[in-house]
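Participant: Below is a structure I'd like to ask you about.
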Amino acid sequence: MCGIVGAVAERPIVEILIEGLRRLEYRGYDSAGVVVLDQQGNTSCIKREGKVEVLAKAVKEQSPQGTTGIAHTRWATHGVPSERNAHPHQSGNRFSVVHNGIIENHEELRKSLSADGYTFNSDTDTEVIVHLIHKLSAVCPDLRSAVFAATQQLVGAYGMAVVDSQSPGQLVVARSGSPLVIGYGLGEHFVASDQLALLPVTRRFAVLEEGDVARLTKESVSITDASGEPVSRPIKESDITADAGGKAGYKHYMLKEIFEQPEAIRRTLQGRIVDGKVAEDAFGHGSVELFKTIKHVQIVACGTSYNAGMVARYWIEQYVGISCSVEIASEFRYRKSFVHKDSLLVTLSQSGETADTLAALRLAKSLGYSASLTICNVETSSLVRESDLVYLMKAGPEIGVASTKAFTVQLAALLLLSKALCEAKSINQYFCEEAAQALNALPGHMEQAFSLEHSIKALSEQFADKKHALFLGRGDQYPVAMEGALKLKEISYIHAEAYAAGELKHGPLALVDADMPVVVVAPNNELLDKLKSNIEEVRARGSVMYVFADSDDHFESEPGLDVVNMAHANHLIAPILFSIPLQFLSYYVALVKGTDVDQPRNLAKSVTVE
Ligand code: F6R
């Protein structure tokens, strides 16, 4: 989604802003813009539709000078992607604003500001903010109070940064619903929606809380909370390296992240299994006592994270023997759901900022859950800060929009959660021991699975002219098929659907013909014979099938049936391992089709709006 970068310094900052925007490109955007002010308040504003490089070229040509500035990548919500709708938005040649989020009462504000004589130059909701600040500046003593007063009239979500040409040398920023971090340098300060943007200039960050307003000058940062009282927010050193956002020689972030999975799993499990048991504080302080009492698990998530939750449902019900429901966050948050007694709410999220998942957590707090646990990849995120218990994934920054390593790391964490629940309840020791062994062996098996890359690459050519594909799985592999279909559709734009294989003859079989490739996830488990019958049903309709199988499944490739054999591993980790060939498949199909693998059209990495 949209990205914000801001800086106030002694030195020229335009290059810092542009580099910050480059580092936020992965989030998805369709236009970009920058405003810089020199020490006299002379203001230059440059905006472009399209990529940051187009903006960078325009900036190079115009070489604006400035020591204070704000910049933005926009992912369109209100108003089409265009230069006119790109941020920063300005009012009266004086105030400039960049904004992430959505202002829900923008229509009403637009009407009243238009009646006051303000002229709107865009179709965005954001433009109301800048005119409102302009209007309030007439009755407020300074920029910070004007911004604070404006926030009191805004309904919706915002992370914003504001500059005023009449008081150069300061930035005012405000957060409610869209994350912002302050970066601390020596004699210079920065703001961004994601610390990755600022790693080349600082590693010291403070995360703003909901309702905070901060004023940044080169010498100081002062923060007030939602009630306008001065507060301090802890400054922490980031352990992410500045080059963590690089491609390390890979053609795409997605491919790099696929290959990072064994290491990401090792890091995520490190210190969390001790002598074969889940470490006492692995799921947060007090989790063991709590887990003893838990009789139901409610998982809430979106997209790929939801698919991970769907796998966990099989594990939790089968091995822990308690009920588990999984729901898409955007549904959960808007319906009256039944809360089971002694129920644990689990949110899953790579970014920790997904608007619907966060809203679901906030809603759940009033519903009587025993506690909330988040399994999340970003330590400074809202989900981590607002959950009772946290299992921090250590996948490292995930830049490719299509989630890969976050999915498999979530699965490893969820298998560990199933084990932790069993251990707390002193049940199913056999599963507990098996899970420990399987998880320890997992990175090695993943590395083995990488050897399939080239055969899958060859096979992907056959998808190039296809418009649709079906993915089939049974049991805990059904959600793996769902994830495979999601990956294929989002980066190659081939319409793909996943079905529980037994469901095929209840409708989707009608779609099957030679133009509909059917991908089957078929590890050797107790459902294999059933799955084989489903495969025969499909083959009899003339489909071309791609079966990802265990080497001891006894499938043979023949015309119309391509078999990719995986080395056999413990059934507990099969959903994690079988995800890898499906990731390769979507990656190489996208490559054949020439789509933008890392930044697929219309999508954003972190979905901070509803
Ligand atoms: C798909 C993908 C999305 C995310 C979803 C939730 O590849 O990445 O479906 O999984 O937007 O995001 P997080 O996990 O950050 O809450």
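Chain labels follow the order of the structure tokens: the first chain is A, the next B, and so on; residue numbering restarts at 1 in every chain, and ligands are counted from 1 in their shown order.
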Applying 8 Å and only C-alpha atoms, which residues near stretch 347-353 of chain A remain after dropping the ones on its own chain fewer than 4 positions away? List them as a PyMOL selection string.

Facilitator: chain A and resi 178-179+299-302+305-306+309+357-358+361+372-378+381-384+406+410+606-608

Participant: Mind checking which residues fall within 9 Å of A:Gly187, counting only C-alpha atoms, ignoring those fewer than 3 positions away in the same chain, and posting them as number ranges by chain?

Facilitator: A: 8-10, 184, 217-220

Participant: Any idea what's packed within 8 Å of A:Glu610, counting only C-alpha atoms, ignoring anything in its chain fewer than 4 positions away? Could you give it as a VMD selection string?

Facilitator: chain A and resid 330 355 to 356

Participant: With distances taken over only C-alpha atoms, which residue among A:Ser366, A:Ser343, A:Gln90, A:Gln437 lies nearest A:Lys419?

Facilitator: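 Smallest separation from A:Lys419 among the options: A:Gln437.
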
Participant: Select from stretch 502-562 of chain A everything DSSP, run on the backbone, classes as helix (DSSP H, G or I), then give the selection as a ChimeraX atom specification.

Facilitator: /A:502-506,508-511,528-539,551-553

Participant: Could those selected residues go to a file with N, CA, C and O atoms, as an mmCIF file, in the first residue's frame?

Facilitator:
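Contents of part37.cif, freshly written:
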data_model
loop_
_atom_site.group_PDB
_atom_site.id
_atom_site.type_symbol
_atom_site.label_atom_id
_atom_site.label_comp_id
_atom_site.auth_asym_id
_atom_site.auth_seq_id
_atom_site.Cartn_x
_atom_site.Cartn_y
_atom_site.Cartn_z
ATOM 1 N N GLY A 502 -12.445 -34.234 -3.316
ATOM 2 C CA GLY A 502 -13.706 -34.967 -3.266
ATOM 3 C C GLY A 502 -14.901 -34.135 -3.698
ATOM 4 O O GLY A 502 -15.996 -34.659 -3.938
ATOM 5 N N GLU A 503 -14.704 -32.844 -3.800
ATOM 6 C CA GLU A 503 -15.795 -31.914 -4.117
ATOM 7 C C GLU A 503 -15.960 -31.737 -5.635
ATOM 8 O O GLU A 503 -16.955 -31.184 -6.106
ATOM 9 N N LEU A 504 -14.991 -32.248 -6.360
ATOM 10 C CA LEU A 504 -14.923 -31.983 -7.798
ATOM 11 C C LEU A 504 -16.200 -32.391 -8.542
ATOM 12 O O LEU A 504 -16.742 -31.638 -9.345
ATOM 13 N N LYS A 505 -16.665 -33.586 -8.220
ATOM 14 C CA LYS A 505 -17.810 -34.090 -8.990
ATOM 15 C C LYS A 505 -19.108 -33.404 -8.588
ATOM 16 O O LYS A 505 -20.160 -33.664 -9.147
ATOM 17 N N HIS A 506 -19.034 -32.504 -7.626
ATOM 18 C CA HIS A 506 -20.236 -31.753 -7.238
ATOM 19 C C HIS A 506 -20.350 -30.449 -8.023
ATOM 20 O O HIS A 506 -21.064 -29.547 -7.617
ATOM 21 N N PRO A 508 -17.386 -28.576 -10.187
ATOM 22 C CA PRO A 508 -16.256 -28.089 -10.999
ATOM 23 C C PRO A 508 -15.787 -29.056 -12.089
ATOM 24 O O PRO A 508 -15.156 -28.608 -13.056
ATOM 25 N N LEU A 509 -16.095 -30.335 -11.971
ATOM 26 C CA LEU A 509 -15.681 -31.289 -13.006
ATOM 27 C C LEU A 509 -16.201 -30.869 -14.383
ATOM 28 O O LEU A 509 -15.591 -31.173 -15.409
ATOM 29 N N ALA A 510 -17.297 -30.138 -14.398
ATOM 30 C CA ALA A 510 -17.863 -29.659 -15.663
ATOM 31 C C ALA A 510 -16.886 -28.760 -16.420
ATOM 32 O O ALA A 510 -16.965 -28.619 -17.629
ATOM 33 N N LEU A 511 -15.967 -28.148 -15.703
ATOM 34 C CA LEU A 511 -15.023 -27.212 -16.335
ATOM 35 C C LEU A 511 -13.856 -27.933 -17.008
ATOM 36 O O LEU A 511 -13.128 -27.334 -17.797
ATOM 37 N N LEU A 528 -4.513 -40.952 0.194
ATOM 38 C CA LEU A 528 -3.948 -41.068 -1.156
ATOM 39 C C LEU A 528 -4.835 -41.889 -2.090
ATOM 40 O O LEU A 528 -5.054 -41.504 -3.244
ATOM 41 N N ASP A 529 -5.375 -43.010 -1.597
ATOM 42 C CA ASP A 529 -6.188 -43.844 -2.490
ATOM 43 C C ASP A 529 -7.433 -43.097 -2.952
ATOM 44 O O ASP A 529 -7.844 -43.179 -4.108
ATOM 45 N N LYS A 530 -8.022 -42.343 -2.036
ATOM 46 C CA LYS A 530 -9.203 -41.540 -2.404
ATOM 47 C C LYS A 530 -8.803 -40.528 -3.478
ATOM 48 O O LYS A 530 -9.502 -40.303 -4.459
ATOM 49 N N LEU A 531 -7.638 -39.922 -3.266
ATOM 50 C CA LEU A 531 -7.166 -38.907 -4.208
ATOM 51 C C LEU A 531 -6.896 -39.532 -5.582
ATOM 52 O O LEU A 531 -7.208 -38.937 -6.620
ATOM 53 N N LYS A 532 -6.363 -40.732 -5.554
ATOM 54 C CA LYS A 532 -6.084 -41.408 -6.834
ATOM 55 C C LYS A 532 -7.386 -41.608 -7.614
ATOM 56 O O LYS A 532 -7.424 -41.435 -8.836
ATOM 57 N N SER A 533 -8.467 -41.951 -6.915
ATOM 58 C CA SER A 533 -9.755 -42.108 -7.614
ATOM 59 C C SER A 533 -10.187 -40.770 -8.211
ATOM 60 O O SER A 533 -10.671 -40.705 -9.341
ATOM 61 N N ASN A 534 -9.996 -39.679 -7.443
ATOM 62 C CA ASN A 534 -10.352 -38.360 -7.975
ATOM 63 C C ASN A 534 -9.533 -38.034 -9.221
ATOM 64 O O ASN A 534 -10.037 -37.461 -10.186
ATOM 65 N N ILE A 535 -8.251 -38.432 -9.184
ATOM 66 C CA ILE A 535 -7.381 -38.154 -10.333
ATOM 67 C C ILE A 535 -7.916 -38.898 -11.563
ATOM 68 O O ILE A 535 -7.968 -38.335 -12.668
ATOM 69 N N GLU A 536 -8.341 -40.141 -11.369
ATOM 70 C CA GLU A 536 -8.883 -40.915 -12.500
ATOM 71 C C GLU A 536 -10.123 -40.241 -13.073
ATOM 72 O O GLU A 536 -10.316 -40.171 -14.284
ATOM 73 N N GLU A 537 -10.965 -39.713 -12.180
ATOM 74 C CA GLU A 537 -12.186 -39.035 -12.647
ATOM 75 C C GLU A 537 -11.821 -37.859 -13.562
ATOM 76 O O GLU A 537 -12.473 -37.608 -14.573
ATOM 77 N N VAL A 538 -10.770 -37.152 -13.186
ATOM 78 C CA VAL A 538 -10.367 -35.985 -13.984
ATOM 79 C C VAL A 538 -9.735 -36.430 -15.297
ATOM 80 O O VAL A 538 -10.036 -35.902 -16.368
ATOM 81 N N ARG A 539 -8.887 -37.438 -15.198
ATOM 82 C CA ARG A 539 -8.190 -37.902 -16.411
ATOM 83 C C ARG A 539 -9.189 -38.392 -17.451
ATOM 84 O O ARG A 539 -9.015 -38.173 -18.651
ATOM 85 N N SER A 551 7.696 -39.728 -3.500
ATOM 86 C CA SER A 551 8.377 -40.692 -4.369
ATOM 87 C C SER A 551 7.813 -42.104 -4.201
ATOM 88 O O SER A 551 7.892 -42.909 -5.117
ATOM 89 N N ASP A 552 7.206 -42.387 -3.026
ATOM 90 C CA ASP A 552 6.659 -43.742 -2.855
ATOM 91 C C ASP A 552 5.149 -43.806 -3.125
ATOM 92 O O ASP A 552 4.455 -44.686 -2.655
ATOM 93 N N ASP A 553 4.637 -42.848 -3.894
ATOM 94 C CA ASP A 553 3.211 -42.841 -4.258
ATOM 95 C C ASP A 553 2.889 -43.777 -5.423
ATOM 96 O O ASP A 553 1.737 -44.086 -5.698
#

Participant: When distances are computed from only C-alpha atoms, which of A:Lys60, A:Arg335, A:Lys277, A:Arg84 shows the smallest separation from A:Lys47?

Facilitator: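 Closest residue, counting only C-alpha atoms: A:Arg84.
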
Participant: Give me the residues near A:Val520 as a list in words, where near means some atom within 7 Å (using only C-alpha atoms) and where sequence neighbours in that chain fewer than 4 positions away do not count.

Facilitator: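 Those residues are Phe471, Leu472, Gly473, Tyr546, Val547 and Phe548 of chain A.
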
Participant: Can those selected residues be exported to a file as a CSV table (one decimal), in the first residue's frame so that it contains N, CA, C and O atoms?

Facilitator:
chain,number,residue,atom,x,y,z
A,471,PHE,N,-6.6,-26.5,-8.8
A,471,PHE,CA,-5.7,-27.1,-7.9
A,471,PHE,C,-6.5,-28.0,-6.9
A,471,PHE,O,-7.6,-27.6,-6.4
A,472,LEU,N,-6.0,-29.2,-6.7
A,472,LEU,CA,-6.8,-30.2,-5.9
A,472,LEU,C,-5.9,-30.7,-4.8
A,472,LEU,O,-4.7,-30.9,-4.9
A,473,GLY,N,-6.5,-30.9,-3.6
A,473,GLY,CA,-5.8,-31.5,-2.5
A,473,GLY,C,-6.9,-32.1,-1.5
A,473,GLY,O,-8.1,-31.8,-1.7
A,546,TYR,N,-1.0,-32.3,-13.5
A,546,TYR,CA,0.3,-32.2,-12.9
A,546,TYR,C,0.3,-32.6,-11.5
A,546,TYR,O,-0.4,-32.0,-10.7
A,547,VAL,N,0.9,-33.7,-11.2
A,547,VAL,CA,0.7,-34.3,-9.8
A,547,VAL,C,2.1,-34.2,-9.1
A,547,VAL,O,3.1,-34.6,-9.5
A,548,PHE,N,2.0,-33.5,-7.9
A,548,PHE,CA,3.1,-33.3,-7.0
A,548,PHE,C,3.0,-34.4,-6.0
A,548,PHE,O,2.1,-34.4,-5.2

Participant: I need the residue nearest ligand 1 from this list: A:Met160, A:Ile328, A:Leu171, A:Leu470. Use only C-alpha atoms and all ligand atoms for the distance.

Facilitator: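 Going through A:Met160, A:Ile328, A:Leu171, A:Leu470 one by one, the smallest distance to ligand 1 is for A:Ile328.
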
Participant: If we count only C-alpha atoms, what is near A:Ile13 at a cut-off of 8 Å, once residues fewer than 3 positions away on the same chain are taken out, given as a ChimeraX atom specification?

Facilitator: /A:7-9,16-17,36,66-69

Participant: Would you mind exporting the chosen residues as an mmCIF file, in the first residue's frame, restricted to N, CA, C and O atoms?

Facilitator:
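Heads up, here's the output in part_1.cif:
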data_model
loop_
_atom_site.group_PDB
_atom_site.id
_atom_site.type_symbol
_atom_site.label_atom_id
_atom_site.label_comp_id
_atom_site.auth_asym_id
_atom_site.auth_seq_id
_atom_site.Cartn_x
_atom_site.Cartn_y
_atom_site.Cartn_z
ATOM 1 N N ALA A 7 11.931 13.801 5.875
ATOM 2 C CA ALA A 7 13.245 14.073 6.472
ATOM 3 C C ALA A 7 13.367 15.550 6.788
ATOM 4 O O ALA A 7 12.824 16.395 6.066
ATOM 5 N N VAL A 8 14.085 15.847 7.880
ATOM 6 C CA VAL A 8 14.451 17.230 8.186
ATOM 7 C C VAL A 8 15.899 17.191 8.664
ATOM 8 O O VAL A 8 16.231 16.441 9.585
ATOM 9 N N ALA A 9 16.757 17.960 7.972
ATOM 10 C CA ALA A 9 18.197 17.811 8.200
ATOM 11 C C ALA A 9 18.921 19.112 7.892
ATOM 12 O O ALA A 9 18.317 20.104 7.474
ATOM 13 N N ILE A 16 17.674 11.295 -0.229
ATOM 14 C CA ILE A 16 17.264 10.377 0.868
ATOM 15 C C ILE A 16 15.794 9.992 0.674
ATOM 16 O O ILE A 16 15.397 8.838 0.845
ATOM 17 N N LEU A 17 14.996 10.985 0.290
ATOM 18 C CA LEU A 17 13.564 10.718 0.100
ATOM 19 C C LEU A 17 13.340 9.755 -1.064
ATOM 20 O O LEU A 17 12.565 8.806 -0.971
ATOM 21 N N VAL A 36 9.962 19.285 -1.445
ATOM 22 C CA VAL A 36 11.095 19.700 -0.605
ATOM 23 C C VAL A 36 11.058 21.198 -0.383
ATOM 24 O O VAL A 36 10.606 21.970 -1.239
ATOM 25 N N GLY A 66 16.584 21.312 -1.035
ATOM 26 C CA GLY A 66 15.826 21.417 0.207
ATOM 27 C C GLY A 66 16.425 20.592 1.315
ATOM 28 O O GLY A 66 17.124 19.607 1.080
ATOM 29 N N THR A 67 16.131 21.008 2.542
ATOM 30 C CA THR A 67 16.637 20.291 3.713
ATOM 31 C C THR A 67 15.479 19.709 4.539
ATOM 32 O O THR A 67 15.707 19.047 5.535
ATOM 33 N N THR A 68 14.271 20.024 4.106
ATOM 34 C CA THR A 68 13.086 19.424 4.741
ATOM 35 C C THR A 68 12.204 18.901 3.608
ATOM 36 O O THR A 68 12.074 19.570 2.575
ATOM 37 N N GLY A 69 11.598 17.732 3.801
ATOM 38 C CA GLY A 69 10.730 17.256 2.724
ATOM 39 C C GLY A 69 9.937 16.021 3.088
ATOM 40 O O GLY A 69 10.197 15.353 4.094
#

Participant: Could you pull out the strand (DSSP E or B) residues of stretch 23-218 of chain A from DSSP and send them as a PDB file with C-alpha atoms, in the first residue's frame?

Facilitator:
ATOM      1  CA  SER A  31       2.215   7.000  -8.590  1.00  0.00           C
ATOM      2  CA  ALA A  32       4.781   8.879  -6.541  1.00  0.00           C
ATOM      3  CA  GLY A  33       5.598  12.410  -5.478  1.00  0.00           C
ATOM      4  CA  VAL A  34       7.863  14.576  -3.380  1.00  0.00           C
ATOM      5  CA  VAL A  35       7.885  18.049  -1.810  1.00  0.00           C
ATOM      6  CA  VAL A  36      11.095  19.700  -0.605  1.00  0.00           C
ATOM      7  CA  LEU A  37      11.550  23.016   1.195  1.00  0.00           C
ATOM      8  CA  THR A  43       8.895  24.808  -2.000  1.00  0.00           C
ATOM      9  CA  SER A  44       9.252  22.411  -4.941  1.00  0.00           C
ATOM     10  CA  CYS A  45       6.652  19.751  -5.616  1.00  0.00           C
ATOM     11  CA  ILE A  46       7.159  17.025  -8.232  1.00  0.00           C
ATOM     12  CA  LYS A  47       4.718  14.171  -8.873  1.00  0.00           C
ATOM     13  CA  ARG A  48       4.518  11.447 -11.492  1.00  0.00           C
ATOM     14  CA  GLU A  49       2.235   8.598 -12.404  1.00  0.00           C
ATOM     15  CA  THR A  68      13.086  19.424   4.741  1.00  0.00           C
ATOM     16  CA  GLY A  69      10.730  17.256   2.724  1.00  0.00           C
ATOM     17  CA  ILE A  70       8.095  14.586   2.426  1.00  0.00           C
ATOM     18  CA  ALA A  71       7.554  11.939  -0.234  1.00  0.00           C
ATOM     19  CA  HIS A  72       4.962   9.331  -1.053  1.00  0.00           C
ATOM     20  CA  THR A  73       4.087   6.301  -3.140  1.00  0.00           C
ATOM     21  CA  ARG A  74       0.331   6.106  -3.710  1.00  0.00           C
ATOM     22  CA  HIS A  89      -1.431  17.438  -1.926  1.00  0.00           C
ATOM     23  CA  GLN A  90      -1.136  21.131  -1.296  1.00  0.00           C
ATOM     24  CA  SER A  91      -3.220  24.019  -0.009  1.00  0.00           C
ATOM     25  CA  PHE A  95       0.852  23.414   3.252  1.00  0.00           C
ATOM     26  CA  SER A  96       1.756  20.008   1.774  1.00  0.00           C
ATOM     27  CA  VAL A  97       0.534  16.618   2.999  1.00  0.00           C
ATOM     28  CA  VAL A  98       1.253  12.981   2.283  1.00  0.00           C
ATOM     29  CA  HIS A  99      -1.187  10.449   3.683  1.00  0.00           C
ATOM     30  CA  ASN A 100      -1.653   6.685   4.008  1.00  0.00           C
ATOM     31  CA  ILE A 103     -10.590   9.331   5.362  1.00  0.00           C
ATOM     32  CA  GLY A 156     -10.928   6.845   9.257  1.00  0.00           C
ATOM     33  CA  TYR A 158      -4.265   7.960   8.599  1.00  0.00           C
ATOM     34  CA  GLY A 159      -0.540   8.111   8.792  1.00  0.00           C
ATOM     35  CA  MET A 160       0.393  11.575   7.567  1.00  0.00           C
ATOM     36  CA  ALA A 161       3.318  13.952   7.260  1.00  0.00           C
ATOM     37  CA  VAL A 162       2.825  17.705   6.845  1.00  0.00           C
ATOM     38  CA  VAL A 163       5.085  20.645   5.992  1.00  0.00           C
ATOM     39  CA  ASP A 164       4.376  24.384   5.979  1.00  0.00           C
ATOM     40  CA  LEU A 171       7.769  18.191   9.886  1.00  0.00           C
ATOM     41  CA  VAL A 172       4.582  17.349  11.738  1.00  0.00           C
ATOM     42  CA  VAL A 173       3.388  13.766  11.514  1.00  0.00           C
ATOM     43  CA  ALA A 174       0.333  11.991  12.907  1.00  0.00           C
ATOM     44  CA  ARG A 175      -0.765   8.394  13.172  1.00  0.00           C
ATOM     45  CA  SER A 176      -4.091   6.678  13.592  1.00  0.00           C
ATOM     46  CA  GLY A 177      -4.569   3.292  11.950  1.00  0.00           C
ATOM     47  CA  VAL A 181       8.093   5.258  12.640  1.00  0.00           C
ATOM     48  CA  ILE A 182      10.397   8.105  13.583  1.00  0.00           C
ATOM     49  CA  GLY A 183      14.054   7.628  12.610  1.00  0.00           C
ATOM     50  CA  TYR A 184      16.680   9.285  14.805  1.00  0.00           C
ATOM     51  CA  HIS A 189      15.322  13.204  11.897  1.00  0.00           C
ATOM     52  CA  PHE A 190      13.162  11.117   9.640  1.00  0.00           C
ATOM     53  CA  VAL A 191       9.752   9.565   9.385  1.00  0.00           C
ATOM     54  CA  ALA A 192       8.519   6.618   7.349  1.00  0.00           C
ATOM     55  CA  ARG A 204      17.345   3.962  15.635  1.00  0.00           C
ATOM     56  CA  PHE A 205      13.566   4.020  15.551  1.00  0.00           C
ATOM     57  CA  ALA A 206      10.565   4.864  17.699  1.00  0.00           C
ATOM     58  CA  VAL A 207       7.138   3.593  16.704  1.00  0.00           C
ATOM     59  CA  VAL A 213       1.267  13.616  16.782  1.00  0.00           C
ATOM     60  CA  ALA A 214       5.001  14.357  16.510  1.00  0.00           C
ATOM     61  CA  ARG A 215       6.979  17.438  15.566  1.00  0.00           C
ATOM     62  CA  LEU A 216      10.382  16.809  14.042  1.00  0.00           C
TER      63      LEU A 216
END

Participant: One decimal, in Å: what's the spacing between atom CA of A:Ala464 and atom CA of A:Glu53?

Facilitator: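 Separation between atom CA of A:Ala464 and atom CA of A:Glu53: 29.4 Å.
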
Participant: Within 7 Å of A:Val320, counting only C-alpha atoms, which residues show up once you throw out same-chain ones fewer than 3 positions away? Write them as a ChimeraX atom specification, please.

Facilitator: /A:316-317,418,421-422

Participant: Write the residues you've just listed into a file as an mmCIF file, in the first residue's frame, and include N, CA, C and O atoms for each of them.

Facilitator:
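Below is the file that was written, again_18.cif:
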data_model
loop_
_atom_site.group_PDB
_atom_site.id
_atom_site.type_symbol
_atom_site.label_atom_id
_atom_site.label_comp_id
_atom_site.auth_asym_id
_atom_site.auth_seq_id
_atom_site.Cartn_x
_atom_site.Cartn_y
_atom_site.Cartn_z
ATOM 1 N N ILE A 316 -4.710 -28.830 14.798
ATOM 2 C CA ILE A 316 -5.208 -28.569 16.160
ATOM 3 C C ILE A 316 -6.338 -29.543 16.505
ATOM 4 O O ILE A 316 -6.370 -30.121 17.587
ATOM 5 N N GLU A 317 -7.241 -29.766 15.559
ATOM 6 C CA GLU A 317 -8.356 -30.666 15.867
ATOM 7 C C GLU A 317 -7.859 -32.108 15.977
ATOM 8 O O GLU A 317 -8.274 -32.845 16.863
ATOM 9 N N SER A 418 0.553 -26.198 18.007
ATOM 10 C CA SER A 418 -0.201 -27.429 18.288
ATOM 11 C C SER A 418 0.553 -28.257 19.330
ATOM 12 O O SER A 418 -0.036 -28.802 20.270
ATOM 13 N N LEU A 421 0.298 -26.605 22.785
ATOM 14 C CA LEU A 421 -1.012 -26.850 23.406
ATOM 15 C C LEU A 421 -1.062 -28.263 23.995
ATOM 16 O O LEU A 421 -1.536 -28.470 25.113
ATOM 17 N N CYS A 422 -0.532 -29.230 23.216
ATOM 18 C CA CYS A 422 -0.516 -30.616 23.719
ATOM 19 C C CYS A 422 0.348 -30.718 24.975
ATOM 20 O O CYS A 422 -0.040 -31.357 25.957
#

Participant: Point out the residue among A:Glu210, A:Asp123, A:Gln166, A:Pro141 with the least atom-to-atom distance to A:Arg94, counting only C-alpha atoms.

Facilitator: A:Gln166

Participant: Go through A:Gly276, A:Gly594, A:Gly3, A:Gly211 and flag the residue nearest A:Tyr430, using only C-alpha atoms for the distances.

Facilitator: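 Going through A:Gly276, A:Gly594, A:Gly3, A:Gly211 one by one, the smallest distance to A:Tyr430 is for A:Gly276.
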
Participant: I need the residue nearest A:Asp38 from this list: A:Gln261, A:Asn93, A:Asn105, A:Ser165. Use only C-alpha atoms for the distance.

Facilitator: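 For A:Asp38, the nearest of the candidates is A:Ser165.
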